[in-house]
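Below: the structure, in structure tokens.
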Amino acid sequence: MRLFIDGDAFPNLLKPIVLRAIERLKLPTFVISNKTVYIGPSKHITSMVVGAGIDEADHRIADMIEEGDLLITADIPLADRAIAKQAHAINHHGDLFTEANIKDCLSMRNLMHEIRDSGIITKGSTPFSGKNATKFANTFSQFLSKHIN
């Protein structure tokens, strides 16, 4: 299993959590983004900066990810692409995307996008918090325990 991190908008609170797991498990990791994103010092991390075009990082991740890999992303369409390749995906809030829930998550995301575009709702999501980081850490740890021997 390899770990892919969608580095664009990756919360700083998650970096030490992920780095500890990468080091402990010697987990091959790819951080892919439109700008340099530093997770921490590790010989197991490969950082890739792609062009500034829209979704360039997503396209690179979708091209590279394979069955059984894990993706950390807040991008639901990218998670859907990973799930379609039989990979796994967790968002920054600790929600695990699966074949059973990804289409519902994608539909809700699209609905909320339409509602925001219409001006009915103008607020974005709530700020990332320590509570979110704790939930992520728990989900991430449980996933790794289950999938890495």
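Order determines the names: the first chain of the structure tokens is A, the second B, and so forth; residues in each chain are numbered 1 upward, and ligands are numbered 1 upward as they are shown.
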Exercise for the section: Pick out the residues sitting within 9 Å of stretch 51-55 of chain A, and hand them over as a PyMOL selection string; count only C-alpha atoms, and ignore anything fewer than 2 positions along from it in its own chain. Expected result: chain A and resi 33-35+49+57-60
Residues just named, written with N, CA, C and O atoms as a compact mmCIF listing (two decimals), in the first residue's frame:
# COMPACT_ATOMS: atom_id res chain seq x y z
N SER A 33 0.73 18.37 -5.23
CA SER A 33 0.05 19.65 -5.07
C SER A 33 0.50 20.64 -6.14
O SER A 33 1.42 20.36 -6.90
N ASN A 34 -0.15 21.81 -6.14
CA ASN A 34 0.19 22.88 -7.08
C ASN A 34 1.34 23.75 -6.56
O ASN A 34 1.87 24.57 -7.30
N LYS A 35 1.67 23.59 -5.29
CA LYS A 35 2.78 24.34 -4.69
C LYS A 35 3.47 23.40 -3.70
O LYS A 35 2.93 22.36 -3.34
N VAL A 49 5.27 18.66 -7.34
CA VAL A 49 4.56 19.89 -7.64
C VAL A 49 4.18 19.85 -9.11
O VAL A 49 5.03 19.67 -9.97
N ALA A 57 -3.24 18.58 -9.94
CA ALA A 57 -2.82 17.66 -8.88
C ALA A 57 -3.77 16.46 -8.83
O ALA A 57 -3.33 15.31 -8.69
N ASP A 58 -5.06 16.72 -8.97
CA ASP A 58 -6.04 15.63 -8.95
C ASP A 58 -5.80 14.65 -10.10
O ASP A 58 -5.86 13.44 -9.90
N HIS A 59 -5.54 15.18 -11.28
CA HIS A 59 -5.28 14.30 -12.43
C HIS A 59 -4.04 13.44 -12.21
O HIS A 59 -4.04 12.25 -12.53
N ARG A 60 -2.99 14.03 -11.64
CA ARG A 60 -1.76 13.26 -11.39
C ARG A 60 -2.02 12.15 -10.38
O ARG A 60 -1.58 11.02 -10.56
Exercise for the section: Mind the document's chain letters and residue numbers, and return as a ChimeraX atom specification the residues of stretch 2-142 of chain A that DSSP labels strand (DSSP E). Expected result: /A:3-6,29-33,45-49,70-72,88-90,96-97
Could you save those same residues with N, CA and C atoms as a PDB file, in the first residue's frame?
ATOM      1  N   LEU A   3       0.618   5.631   0.202  1.00  0.00           N
ATOM      2  CA  LEU A   3      -0.208   6.734   0.670  1.00  0.00           C
ATOM      3  C   LEU A   3      -0.067   7.893  -0.294  1.00  0.00           C
ATOM      4  N   PHE A   4      -1.195   8.463  -0.698  1.00  0.00           N
ATOM      5  CA  PHE A   4      -1.213   9.666  -1.521  1.00  0.00           C
ATOM      6  C   PHE A   4      -1.882  10.768  -0.727  1.00  0.00           C
ATOM      7  N   ILE A   5      -1.257  11.934  -0.724  1.00  0.00           N
ATOM      8  CA  ILE A   5      -1.824  13.088  -0.038  1.00  0.00           C
ATOM      9  C   ILE A   5      -2.068  14.173  -1.071  1.00  0.00           C
ATOM     10  N   ASP A   6      -3.328  14.589  -1.165  1.00  0.00           N
ATOM     11  CA  ASP A   6      -3.691  15.736  -1.989  1.00  0.00           C
ATOM     12  C   ASP A   6      -3.250  16.953  -1.180  1.00  0.00           C
ATOM     13  N   THR A  29       5.026   7.364   0.447  1.00  0.00           N
ATOM     14  CA  THR A  29       4.045   8.449   0.429  1.00  0.00           C
ATOM     15  C   THR A  29       4.352   9.432  -0.679  1.00  0.00           C
ATOM     16  N   PHE A  30       3.293   9.876  -1.348  1.00  0.00           N
ATOM     17  CA  PHE A  30       3.396  10.884  -2.401  1.00  0.00           C
ATOM     18  C   PHE A  30       2.524  12.062  -2.015  1.00  0.00           C
ATOM     19  N   VAL A  31       3.151  13.233  -1.907  1.00  0.00           N
ATOM     20  CA  VAL A  31       2.423  14.466  -1.641  1.00  0.00           C
ATOM     21  C   VAL A  31       2.386  15.224  -2.963  1.00  0.00           C
ATOM     22  N   ILE A  32       1.193  15.394  -3.504  1.00  0.00           N
ATOM     23  CA  ILE A  32       1.041  15.995  -4.823  1.00  0.00           C
ATOM     24  C   ILE A  32       0.198  17.251  -4.684  1.00  0.00           C
ATOM     25  N   SER A  33       0.729  18.367  -5.229  1.00  0.00           N
ATOM     26  CA  SER A  33       0.045  19.653  -5.066  1.00  0.00           C
ATOM     27  C   SER A  33       0.496  20.636  -6.138  1.00  0.00           C
ATOM     28  N   ILE A  45       8.804  10.033   1.881  1.00  0.00           N
ATOM     29  CA  ILE A  45       7.903  10.993   1.237  1.00  0.00           C
ATOM     30  C   ILE A  45       8.523  11.516  -0.053  1.00  0.00           C
ATOM     31  N   THR A  46       7.747  11.435  -1.118  1.00  0.00           N
ATOM     32  CA  THR A  46       8.104  12.050  -2.395  1.00  0.00           C
ATOM     33  C   THR A  46       7.112  13.170  -2.648  1.00  0.00           C
ATOM     34  N   SER A  47       7.626  14.388  -2.788  1.00  0.00           N
ATOM     35  CA  SER A  47       6.759  15.532  -3.077  1.00  0.00           C
ATOM     36  C   SER A  47       6.787  15.818  -4.563  1.00  0.00           C
ATOM     37  N   MET A  48       5.623  16.083  -5.126  1.00  0.00           N
ATOM     38  CA  MET A  48       5.507  16.397  -6.542  1.00  0.00           C
ATOM     39  C   MET A  48       4.686  17.672  -6.685  1.00  0.00           C
ATOM     40  N   VAL A  49       5.270  18.657  -7.343  1.00  0.00           N
ATOM     41  CA  VAL A  49       4.560  19.895  -7.636  1.00  0.00           C
ATOM     42  C   VAL A  49       4.175  19.849  -9.109  1.00  0.00           C
ATOM     43  N   LEU A  70      -4.040   4.276  -0.437  1.00  0.00           N
ATOM     44  CA  LEU A  70      -4.864   5.166   0.382  1.00  0.00           C
ATOM     45  C   LEU A  70      -4.630   6.606  -0.040  1.00  0.00           C
ATOM     46  N   LEU A  71      -5.713   7.354  -0.183  1.00  0.00           N
ATOM     47  CA  LEU A  71      -5.669   8.767  -0.531  1.00  0.00           C
ATOM     48  C   LEU A  71      -6.252   9.581   0.608  1.00  0.00           C
ATOM     49  N   ILE A  72      -5.553  10.656   0.979  1.00  0.00           N
ATOM     50  CA  ILE A  72      -6.097  11.634   1.920  1.00  0.00           C
ATOM     51  C   ILE A  72      -6.425  12.875   1.108  1.00  0.00           C
ATOM     52  N   HIS A  88      -8.561   3.449  -1.560  1.00  0.00           N
ATOM     53  CA  HIS A  88      -9.295   3.911  -0.390  1.00  0.00           C
ATOM     54  C   HIS A  88      -9.101   5.411  -0.260  1.00  0.00           C
ATOM     55  N   ALA A  89     -10.036   6.081   0.408  1.00  0.00           N
ATOM     56  CA  ALA A  89      -9.922   7.536   0.579  1.00  0.00           C
ATOM     57  C   ALA A  89     -10.499   7.955   1.924  1.00  0.00           C
ATOM     58  N   ILE A  90      -9.787   8.869   2.569  1.00  0.00           N
ATOM     59  CA  ILE A  90     -10.212   9.470   3.836  1.00  0.00           C
ATOM     60  C   ILE A  90     -10.145  10.980   3.649  1.00  0.00           C
ATOM     61  N   LEU A  96     -14.288   8.149   6.117  1.00  0.00           N
ATOM     62  CA  LEU A  96     -13.765   7.170   5.169  1.00  0.00           C
ATOM     63  C   LEU A  96     -14.756   7.044   4.027  1.00  0.00           C
ATOM     64  N   PHE A  97     -14.296   7.293   2.811  1.00  0.00           N
ATOM     65  CA  PHE A  97     -15.134   7.118   1.631  1.00  0.00           C
ATOM     66  C   PHE A  97     -15.055   5.662   1.191  1.00  0.00           C
TER      67      PHE A  97
END
Exercise for the section: Assign secondary structure with DSSP using the backbone only, and return the residues of stretch 21-148 of chain A in alpha helix (DSSP H) as a PyMOL selection string. Expected result: chain A and resi 21-25+56-64+76-84+102-118+130-147
Problem - Distance in Å - atom CA of A:Glu67 versus atom CA of A:Phe128 - result: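 Atom CA of A:Phe128 lies 29.4 Å from atom CA of A:Glu67.
Straight-line separation from atom CA of A:Tyr38 to atom CA of A:Ser145: 25.0 Å.
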Exercise for the section: Name the residues in contact with A:Leu27 at a cut-off of 12 Å, using only C-alpha atoms, excluding same-chain residues fewer than 5 positions from it; report them as number ranges by chain. Expected result: A: 1-4, 18-22, 42-46, 69-70, 144, 147-148
Just want the 10 Å neighbourhood of A:Asn12, counted on only C-alpha atoms, with same-chain residues fewer than 2 positions away dropped. Output as a short mmCIF file (atom, residue, chain, number, x, y, z; two decimals) with all heavy atoms, in the first residue's frame.
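What landed in selection.cif:
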data_model
loop_
_atom_site.label_atom_id
_atom_site.label_comp_id
_atom_site.auth_asym_id
_atom_site.auth_seq_id
_atom_site.Cartn_x
_atom_site.Cartn_y
_atom_site.Cartn_z
N ALA A 9 -4.48 22.48 0.19
CA ALA A 9 -5.36 22.71 1.36
C ALA A 9 -5.22 21.62 2.43
O ALA A 9 -6.14 21.39 3.21
CB ALA A 9 -6.82 22.85 0.92
N PHE A 10 -4.08 20.95 2.50
CA PHE A 10 -3.87 19.93 3.53
C PHE A 10 -3.65 20.63 4.87
O PHE A 10 -2.73 21.44 5.02
CB PHE A 10 -2.66 19.06 3.17
CG PHE A 10 -2.51 17.85 4.06
CD1 PHE A 10 -3.43 16.82 3.99
CD2 PHE A 10 -1.47 17.76 4.95
CE1 PHE A 10 -3.30 15.70 4.81
CE2 PHE A 10 -1.33 16.65 5.77
CZ PHE A 10 -2.25 15.62 5.70
N LEU A 14 -2.84 18.11 10.63
CA LEU A 14 -2.74 16.69 10.27
C LEU A 14 -1.32 16.25 9.95
O LEU A 14 -1.01 15.06 9.96
CB LEU A 14 -3.65 16.38 9.07
CG LEU A 14 -5.13 16.63 9.27
CD1 LEU A 14 -5.91 16.15 8.06
CD2 LEU A 14 -5.65 15.99 10.54
N LYS A 15 -0.45 17.19 9.67
CA LYS A 15 0.91 16.84 9.24
C LYS A 15 1.66 15.97 10.25
O LYS A 15 2.21 14.94 9.88
CB LYS A 15 1.70 18.10 8.87
CG LYS A 15 1.16 18.74 7.61
CD LYS A 15 1.86 20.04 7.27
CE LYS A 15 1.27 20.66 6.02
NZ LYS A 15 1.91 21.93 5.68
N PRO A 16 1.70 16.32 11.54
CA PRO A 16 2.43 15.46 12.48
C PRO A 16 1.79 14.08 12.66
O PRO A 16 2.49 13.08 12.85
CB PRO A 16 2.44 16.25 13.80
CG PRO A 16 1.44 17.31 13.64
CD PRO A 16 1.22 17.54 12.18
N ILE A 17 0.48 14.01 12.56
CA ILE A 17 -0.23 12.73 12.68
C ILE A 17 0.19 11.80 11.55
O ILE A 17 0.55 10.64 11.76
CB ILE A 17 -1.76 12.96 12.65
CG1 ILE A 17 -2.21 13.79 13.86
CG2 ILE A 17 -2.51 11.63 12.56
CD1 ILE A 17 -3.61 14.36 13.75
N VAL A 37 4.40 21.56 -0.58
CA VAL A 37 3.76 21.28 0.70
C VAL A 37 4.72 20.38 1.48
O VAL A 37 5.06 19.30 1.02
CB VAL A 37 2.40 20.58 0.51
CG1 VAL A 37 1.81 20.18 1.86
CG2 VAL A 37 1.44 21.48 -0.24
N TYR A 38 5.13 20.85 2.64
CA TYR A 38 6.10 20.12 3.46
C TYR A 38 5.36 19.42 4.59
O TYR A 38 4.75 20.06 5.45
CB TYR A 38 7.15 21.09 4.00
CG TYR A 38 8.25 20.43 4.78
CD1 TYR A 38 9.20 19.65 4.13
CD2 TYR A 38 8.33 20.58 6.16
CE1 TYR A 38 10.22 19.03 4.85
CE2 TYR A 38 9.35 19.98 6.88
CZ TYR A 38 10.29 19.21 6.23
OH TYR A 38 11.30 18.61 6.94
N ILE A 39 5.39 18.10 4.60
CA ILE A 39 4.76 17.32 5.66
C ILE A 39 5.73 17.14 6.83
O ILE A 39 5.33 17.16 7.98
CB ILE A 39 4.33 15.93 5.14
CG1 ILE A 39 3.36 16.06 3.96
CG2 ILE A 39 3.72 15.07 6.24
CD1 ILE A 39 2.05 16.71 4.28
N PHE A 128 -11.36 24.26 10.14
CA PHE A 128 -10.81 23.00 10.62
C PHE A 128 -10.37 23.17 12.06
O PHE A 128 -9.76 24.17 12.42
CB PHE A 128 -9.62 22.61 9.73
CG PHE A 128 -9.18 21.20 9.93
CD1 PHE A 128 -9.86 20.15 9.35
CD2 PHE A 128 -8.08 20.91 10.71
CE1 PHE A 128 -9.47 18.83 9.54
CE2 PHE A 128 -7.66 19.60 10.91
CZ PHE A 128 -8.36 18.57 10.31
N ALA A 133 -9.15 17.05 13.74
CA ALA A 133 -7.86 16.35 13.68
C ALA A 133 -7.90 15.07 14.50
O ALA A 133 -7.35 14.04 14.09
CB ALA A 133 -6.73 17.27 14.16
#
Exercise for the section: Measuring atom to atom with only C-alpha atoms, identify which of A:Pro41, A:Leu13, A:Arg24, A:Leu106 is nearest to A:Asn132. Expected result: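 The shortest atom-to-atom distance to A:Asn132 comes from A:Leu13.
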